[in-house]
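Novice: Take this structure, written in structure tokens, and hold onto it; I'll ask about it next.
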Amino acid sequence: MPLPLPNLLLIFPLLLDPISAPQANPLEQAEALLAAGRFREAQQAARQALEEHPSPERAAPWWWLLAQACKAEGDPEEAAQAFRQSAELGPPELKTEAGLELAKTHLEMWDAEAARRILESLPPSPPGPPPEVEELAQRRSELLALCLYMAGREKEAEKAFARLSRKGASSWHYLGLIAFHQGDTANALERFNRSAALEPRDYYNLLYRGWCLLELNRLDEGVEAFRRLLQFADTPEAHQMIGRLEQRAGRFAEAEGHFQEALKRSPDLLEAQFGLATVLRRQGRKEEAKAAFERFQALHRRQEESQKKAYQLNQELQANPRHPGIGEALARHYFTTGDYAGAERQAWQALRANSRQAGVRLILARALGAVGRYREAAIQYQRLLRAEPRHGEAREELEKLISQHAKKVHER
Amino acid sequence: MSGKRSGKISGWILAAGLAAFIALLGALFFALKALPARKSAEKPGAAAFEDRAAALGLIHPNVSGAPERLFIFENLGSGGAFFDYNGDDRLDLIVNNAGASRLAEDGPPRVELLPGPGPHLYEQRADGRFEEVTARAGIDFKGWGTGVAVGDLDNDGDLDLFLCAFGANQLYVNDGDGAFTNRSRAAGVDHAGMSSSAVFFDYDRDGLLDLYVAGYVHFDLDRPPNGGRPCLEHGVPISCGPAMHSPAGDRLYHNRGGGAFEEVTRQAGIAGAPPAYGLGVASGDLDRNGWPDLYVANDTMANYLWLNQGDGTFQEAALFSGAALSASGQGQAGMGVDLADANGDGWLDIHVTNYSEEPNAYYQSLGEGSFGDLSSGSGMAGPSFLYLGWGTKFFDYDQDGALDLVVANGHVHPRAAELGTGLTFEQRLLVFHGGGGHFEEVGEKLGGPIMTPRNHRGLAAGDFDRDGDVDLLLTRLDGPPLLLENRCPGPGNWIAFKLAGRQSNREGIGARIEVEAGGKRQWREMTRGGSYLSSSDAVAHFGLGASRRAGRVTITWPSGAVTRLEELEAGRRYTIEEK
């Protein structure tokens with residue numbers, strides 16, 4: 001007999017706020033639930049409506065609503081299925097919209113190839129009034145460019161982003177990243193600046209912008225840029241970058257302070273440990289420097305071994321892409337070495353080969369939880385427990401997640 | 001009549017004029033031949049370097065396995081060397097060579113190495129052309145050759161050859177009569193593994209050149225990595241990287257005299273650091289304690305700086321010295337290395353070539369064996385970022401008195417363009433014009449063969465045409481070498497020194513040569529090593545800019561002796577004997 005699942009709604013008690021206005025019909029009511037952030041209830045309403053087997057025209061908006069609710073809740077697998085249904089059943093104008101959302105959802109699951117196939121199947125000029133058509137075409141092109149970028153085809157991605165008639169902050173950011181990866185730092189800076197002008201608080205864009213200033217030896221500007229960033233994102237990476245700028249400028253004491261701050265927030269941050277050891281050496285504090293270098297060496301050795309292992313597992317996986325054990329081993333390797341993004345990416349890839357791999361889903365849940373994406377983590381634990389109700393680790397970790405983080409959400 | 005007369009006179013004048021014209025043409029012809037080649041490059045649009053290899057007879061191609069290059073050793077290439085092997089005062093050349101490989105057709109995956117064409121030794125004739133004399137000189141090696149090191153091991157005045165190999169390394173001792181004798185086994189240097197670069201240097205300053213050999217990876221032919229399958233990147237088959245192999249580690253040999261070497265890797269402390277993927281090696285006194293140190297460029301790992309303790313041992317100090325890793329503390333894929341005082345402060349700086357999508361590293365000396373990574377600040381990082389660098393040399397190509405830098409590039413993956421990141425298999429050279437430690441990449445300005453994408457590997461420097469400027473020998477993965485004659489329309493005068501050691505080793509390897517000219521002080525350390533798999537000529541060349549003479553020249557020999565010279569005229573190469 002299946003064990004009862006921990007109540008997911010406990011994690012998000014703030015979502016239980018009542019809806020004040022009465023709604024005219026079930027679909028509008030469900031839309032109101034969605035708008036109010038009551039995603040589970042919106043999903044339930046949609047599923048109930050779809051169980052009544054409505055005609056395709058009536059089912060399409062429900063699939064659309066279900067997809068949006070799943071997506072908002074952090075369940076891209078369910079969202080993808082629902083977007084696919086709404087694209088198949090919906091009127092032409094919804095087909096394109098749903099297709100774009102479906103592609104985006106696949107990108108969230110690190111499946112650039114599926115996303116590209118979907119986008120290429122969409123008409124470049126969907127039916128509809130000109131402004132909307134232009135908007136949809138623009139979004140399609142932007143997503144296609146992103147697919148190329150995520151597939152590692154940077155040169156093609158650069159051309160695709162550059163062709164966009166209107167470039168948003170993210171397009172400029174990706175263009176900046178591509179230039180940065182090609183060593184064209186001046187061009188990258190210009191592109192990150194364009195992105196920052198449209199979206200002044202994009203953390204990663206500002207991080208890379210500051211990195212460009214370091215590479216271009218515009219040290220004081222770089223320090224200033226990171227100081228502004230610290231005001232809303234006091235991260236170890238930002239401190240580490242200021243440390244490097246100060247170090248390059250020969251202000252070793254200031255650099256030391258920032259490397260220390262970075263290490264307070266992330267004790268294993270390799271670059272900060274290296275920077276700290278270096279500035280201690282440059283200040284003639286040999287014994288302290290030696291100790292710092294020893295600590296760095298231990299971290300560095302661990303990183304080297306980890307990278308080597310990842311390379312070997314990656315090669316094994318590419319040679320046997322459907323082997324269930326290798327994908328899981330690689331995802332686990334990334335997770336245990338603290339590369340949570342790598343673990344997430346690899347877990348999604350392994351789940352594409354076989355979505356029933358409990359071990360992989362557990363790693364996915366853990367990786368999402370490790371970076372504070374508790375809602376998404378909880379969904380993955382729940383999915384695992386639905387398939388394997390007696391999975392003790394998953395149950396225990398989900399309960400712990402709820403007990404620790406539902407409270408925090410509430411306090412916020 | 002007047003017509004006739006005038007006709008006669010005219011005829012005579014014409015004949016005389018014609019004879020004079022022919023004489024003038026002849027004189028002009030000889031004058032043109034005698035003139036330094038750079039003059040012709042002063043025409044607008046002429047390239048600063050011209051590839052003279054084919055015209056002068058360097059026609060034998062390098063080979064390096066199958067075109068797909070799916071095994072790591074097929075990517076290494078082979079190096080070359082400038083050296084005057086027969087003592088006729090003309091620079092000769094040797095280009096090492098690899099071979100063919102194949103995966104055995106039956107049974108478990110197994111790689112077979114097939115004999116290659118062997119190295120090619122080219123003797124320079126009086127007319128400047130090169131004649132291939134390998135067999136005549138007794139060089140019969142047909143294995144998988146990689147690096148070349150040249151040195152006078154027995155101080156008998158002729159130059160000996162060490163050929164690194166995937167397989168047993170080869171030592172050819174020069175008999176002094178135009179032939180070499182293979183003494184690999186007798187000398188005890190025939191270690192079989194995958195050696196890359198090597199350098200001769202006198203680490204204990206006993207007057208005999210010792211030998212350091214960098215080792216790359218362990219490659220078991222009977223158990224190739226990844227089950228004999230190629231690795232994949234974005235689905236493209238490529239050779240498996242170092243991470244799929246264990247590192248080979250380096251070896252140090254002490255020259256005991258009498259043609260014998262003793263392996264002292266452990267005794268000297270070199271075994272104290274974990275084995276690494278060694279590719280490039282250079283020697284020089286990096287901490288100025290009077291003893292030659294070593295710098296080893298390691299692939300994908302921290303580089304090694306072996307500081308000579310002066311007691312026969314070395315201490316690895318790269319990390320603490322700031323010359324091991326990138327500015328952010330990451331290991332890079334070190335390939336080649338060269339040492340020189342690039343910013344004119346009296347201390348050797350380090351340039352390391354790295355993999356594509358990594359900047360080459362420039363570690364500027366802060367004095368006392370301490371370094372700062374100035375790759376970005378110096379102007380070297382950006383231009384080198386997409387290139388996969390191998391051989392590299394500091395040299396003053398325009399003789400303005402500031403060291404410039406050349407880098408040989410080429411990718412390891414023939415299908416690099418399919419990786420989608422803008423990389424190419426064949427890549428052009430990079431030439432950086434230097435001044436005070438700042439560098440500007442000027443390849444496009446120099447044009448010609450600098451800009452031609454090829455798969456370059458080894459690089460050596462030497463003035464093969466004796467016109468005073470430094471020329472370049474480049475090897476390729478799969479083609480004949482390049483011999484780049486310097487025709488740069490630079491403004492500078494020059495002066496050069498060749499050394500003849502007595503207490504010190506014969507070529508004065510490790511000597512410090514300091515030149516003061518026009519109020520500026522420059523110095524070089526005599527070496528043949530550095531770069532990648534290659535050996536340069538042992539001549540210290542100085543660009544003097546507008547100065548027509550060197551006011552003072554000081555040579556500090558490895559023995560400790562000091563030679564002082566004054567008021568030396570520019571435009572000459574001097575041979576200085578140790579007293």
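How things are named: the first chain in the structure tokens is A, the next is B, and so on; residues count from 1 in each chain; ligands count from 1 in the order shown.
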Would you list which chain A residues are within 8 Å of chain B using only C-alpha atoms, as a PDB file with C-alpha atoms, in the first residue's frame?
Specialist:
```
ATOM      1  CA  ALA A 151      24.300  23.116 -28.263  1.00  0.00           C
ATOM      2  CA  GLY A 152      27.773  24.679 -28.277  1.00  0.00           C
ATOM      3  CA  ARG A 153      27.390  26.029 -31.828  1.00  0.00           C
ATOM      4  CA  GLU A 154      28.505  29.492 -30.807  1.00  0.00           C
ATOM      5  CA  LYS A 155      29.442  30.882 -34.202  1.00  0.00           C
ATOM      6  CA  GLU A 156      26.022  30.041 -35.606  1.00  0.00           C
ATOM      7  CA  HIS A 181      34.495  33.008 -25.166  1.00  0.00           C
ATOM      8  CA  GLN A 182      36.322  34.048 -28.311  1.00  0.00           C
ATOM      9  CA  GLY A 183      38.670  36.284 -26.377  1.00  0.00           C
ATOM     10  CA  ASP A 184      37.172  39.438 -27.908  1.00  0.00           C
ATOM     11  CA  THR A 185      36.860  41.173 -24.575  1.00  0.00           C
ATOM     12  CA  GLU A 215      40.741  41.626 -18.689  1.00  0.00           C
ATOM     13  CA  LEU A 216      40.920  45.052 -20.313  1.00  0.00           C
ATOM     14  CA  ASN A 217      42.898  46.369 -17.371  1.00  0.00           C
ATOM     15  CA  LEU A 270      39.262  27.954  -5.560  1.00  0.00           C
ATOM     16  CA  GLU A 271      39.904  31.291  -7.278  1.00  0.00           C
ATOM     17  CA  PHE A 274      44.422  31.287  -4.944  1.00  0.00           C
ATOM     18  CA  GLY A 275      43.987  35.054  -4.898  1.00  0.00           C
ATOM     19  CA  THR A 278      48.948  35.282  -4.011  1.00  0.00           C
ATOM     20  CA  ARG A 281      52.862  36.360  -0.976  1.00  0.00           C
ATOM     21  CA  LYS A 290      52.458  29.154   2.361  1.00  0.00           C
ATOM     22  CA  PHE A 293      48.809  27.936  -0.967  1.00  0.00           C
ATOM     23  CA  LYS A 308      39.538  14.203 -14.958  1.00  0.00           C
ATOM     24  CA  TYR A 311      35.998  13.862 -18.652  1.00  0.00           C
ATOM     25  CA  GLN A 312      36.352  10.093 -18.452  1.00  0.00           C
ATOM     26  CA  GLN A 315      33.563   9.995 -22.835  1.00  0.00           C
ATOM     27  CA  GLU A 316      32.070   6.728 -21.588  1.00  0.00           C
ATOM     28  CA  GLN A 318      29.124   9.571 -25.323  1.00  0.00           C
ATOM     29  CA  ALA A 319      30.260   6.119 -26.385  1.00  0.00           C
TER      30      ALA A 319
END
```
Novice: Report as a PyMOL selection string all protein, DNA and RNA residues lying within 6 Å of segment 276-290 of chain B, evaluated on only C-alpha atoms, omitting residues in the same chain fewer than 6 positions from it.
Specialist: chain B and resi 196-197+214-217+247+249+296-299+335-337+348+368-369+529-530+532
Novice: Could you check which of B:Thr575, B:Gln522, B:Ser184, B:Thr146 is closest to Asp160 of chain B, using only C-alpha atoms?
Specialist: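 For Asp160 of chain B, the nearest of the given residues is B:Ser184.
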Novice: Name all residues at most 10 Å from Ala394 of chain A (count only C-alpha atoms; drop same-chain ones fewer than 3 positions away) and give them as an mmCIF file with C-alpha atoms, in the first residue's frame.
Specialist:
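The resulting file, result-v4.cif, is shown below:
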```
data_model
loop_
_atom_site.group_PDB
_atom_site.id
_atom_site.type_symbol
_atom_site.label_atom_id
_atom_site.label_comp_id
_atom_site.auth_asym_id
_atom_site.auth_seq_id
_atom_site.Cartn_x
_atom_site.Cartn_y
_atom_site.Cartn_z
ATOM 1 C CA ALA A 358 15.037 6.688 -9.500
ATOM 2 C CA GLY A 359 18.685 7.351 -8.723
ATOM 3 C CA ARG A 361 15.737 11.740 -10.212
ATOM 4 C CA LEU A 362 17.021 11.750 -6.669
ATOM 5 C CA ILE A 363 20.177 13.520 -7.817
ATOM 6 C CA ALA A 365 16.012 16.734 -6.651
ATOM 7 C CA ARG A 366 19.134 17.156 -4.552
ATOM 8 C CA ALA A 378 10.073 18.951 -3.913
ATOM 9 C CA GLN A 380 11.097 15.820 -8.195
ATOM 10 C CA TYR A 381 11.047 14.060 -4.814
ATOM 11 C CA GLN A 382 7.306 13.672 -5.141
ATOM 12 C CA ARG A 383 7.559 12.260 -8.639
ATOM 13 C CA LEU A 384 10.139 9.771 -7.439
ATOM 14 C CA LEU A 385 7.942 8.768 -4.516
ATOM 15 C CA GLU A 388 8.701 4.228 -5.780
ATOM 16 C CA PRO A 389 6.646 4.926 -2.661
ATOM 17 C CA ARG A 390 9.057 3.060 -0.418
ATOM 18 C CA HIS A 391 12.114 5.061 -1.422
ATOM 19 C CA GLU A 397 14.931 14.241 2.231
ATOM 20 C CA LEU A 398 11.552 15.589 1.145
ATOM 21 C CA GLU A 399 10.354 15.734 4.728
ATOM 22 C CA LYS A 400 13.536 17.508 5.720
#
```
Novice: Enumerate, as a ChimeraX atom specification, the complete set of residues in segment 54-257 of chain B that a backbone-based DSSP assignment places in strand (DSSP E).
Specialist: /B:80-83,92-95,100-103,111-114,120-124,130-132,144-151,160-168,170-174,180-182,192-201,210-215,217-218,231-233,236-238,246-247,251-257
Novice: Do a neighbour search on Ala273 of chain B at 9 Å with only C-alpha atoms, toss out local chain neighbours closer than 4 positions, and write the hits as a PyMOL selection string.
Specialist: chain B and resi 269+304+315-316
Novice: Show which residues sit within 7 Å of segment 48-65 of chain A, as a ChimeraX atom specification. Count only C-alpha atoms, and ignore same-chain residues fewer than 5 positions away.
Specialist: /A:82-83,85-86,89-90
Novice: Just N, CA, C and O atoms for this one: save the residues we selected as a PDB file, in the first residue's frame.
Specialist:
```
ATOM      1  N   ALA A  82       1.669  19.199 -21.374  1.00  0.00           N
ATOM      2  CA  ALA A  82       0.469  20.025 -21.533  1.00  0.00           C
ATOM      3  C   ALA A  82       0.634  21.042 -22.663  1.00  0.00           C
ATOM      4  O   ALA A  82      -0.296  21.287 -23.436  1.00  0.00           O
ATOM      5  N   PHE A  83       1.819  21.629 -22.782  1.00  0.00           N
ATOM      6  CA  PHE A  83       2.049  22.572 -23.899  1.00  0.00           C
ATOM      7  C   PHE A  83       1.909  21.841 -25.243  1.00  0.00           C
ATOM      8  O   PHE A  83       1.377  22.385 -26.206  1.00  0.00           O
ATOM      9  N   GLN A  85       0.030  19.288 -25.886  1.00  0.00           N
ATOM     10  CA  GLN A  85      -1.402  19.079 -26.146  1.00  0.00           C
ATOM     11  C   GLN A  85      -2.053  20.363 -26.634  1.00  0.00           C
ATOM     12  O   GLN A  85      -2.834  20.358 -27.578  1.00  0.00           O
ATOM     13  N   SER A  86      -1.717  21.465 -25.974  1.00  0.00           N
ATOM     14  CA  SER A  86      -2.379  22.713 -26.406  1.00  0.00           C
ATOM     15  C   SER A  86      -1.917  23.126 -27.787  1.00  0.00           C
ATOM     16  O   SER A  86      -2.698  23.701 -28.558  1.00  0.00           O
ATOM     17  N   LEU A  89      -3.965  20.776 -30.167  1.00  0.00           N
ATOM     18  CA  LEU A  89      -5.412  20.941 -30.213  1.00  0.00           C
ATOM     19  C   LEU A  89      -5.851  22.379 -30.461  1.00  0.00           C
ATOM     20  O   LEU A  89      -6.989  22.621 -30.873  1.00  0.00           O
ATOM     21  N   GLY A  90      -4.975  23.319 -30.168  1.00  0.00           N
ATOM     22  CA  GLY A  90      -5.376  24.715 -30.166  1.00  0.00           C
ATOM     23  C   GLY A  90      -5.539  25.322 -31.551  1.00  0.00           C
ATOM     24  O   GLY A  90      -5.101  24.740 -32.547  1.00  0.00           O
TER      25      GLY A  90
END
```
Novice: Atom CA of Gly492 of chain B to atom CA of Leu405 of chain B: how many Å, to one decimal?
Specialist: 16.6 Å
Novice: Near Gln307 of chain A, within 10 Å and counting only C-alpha atoms, which residues show up once chain neighbours fewer than 4 positions away are dropped, as number ranges by chain?
Specialist: A: 301-303, 311-313, 333-334, 337; B: 243
Novice: Just how far from atom CA of Gly391 of chain B is atom CA of Val352 of chain B, in Å to one decimal?
Specialist: 9.1 Å
Novice: From the DSSP assignment of the backbone, select every residue of segment 245-322 of chain A that is helix (DSSP H, G or I), and format the answer as a ChimeraX atom specification.
Specialist: /A:245-248,252-265,270-282,286-319
Novice: Quick one: residues within 9 Å of Gly37 of chain A, only C-alpha atoms counted, chain neighbours fewer than 2 positions away excluded, as a ChimeraX atom specification?
Specialist: /A:15-16,32-35,39-40,42,69,72-73
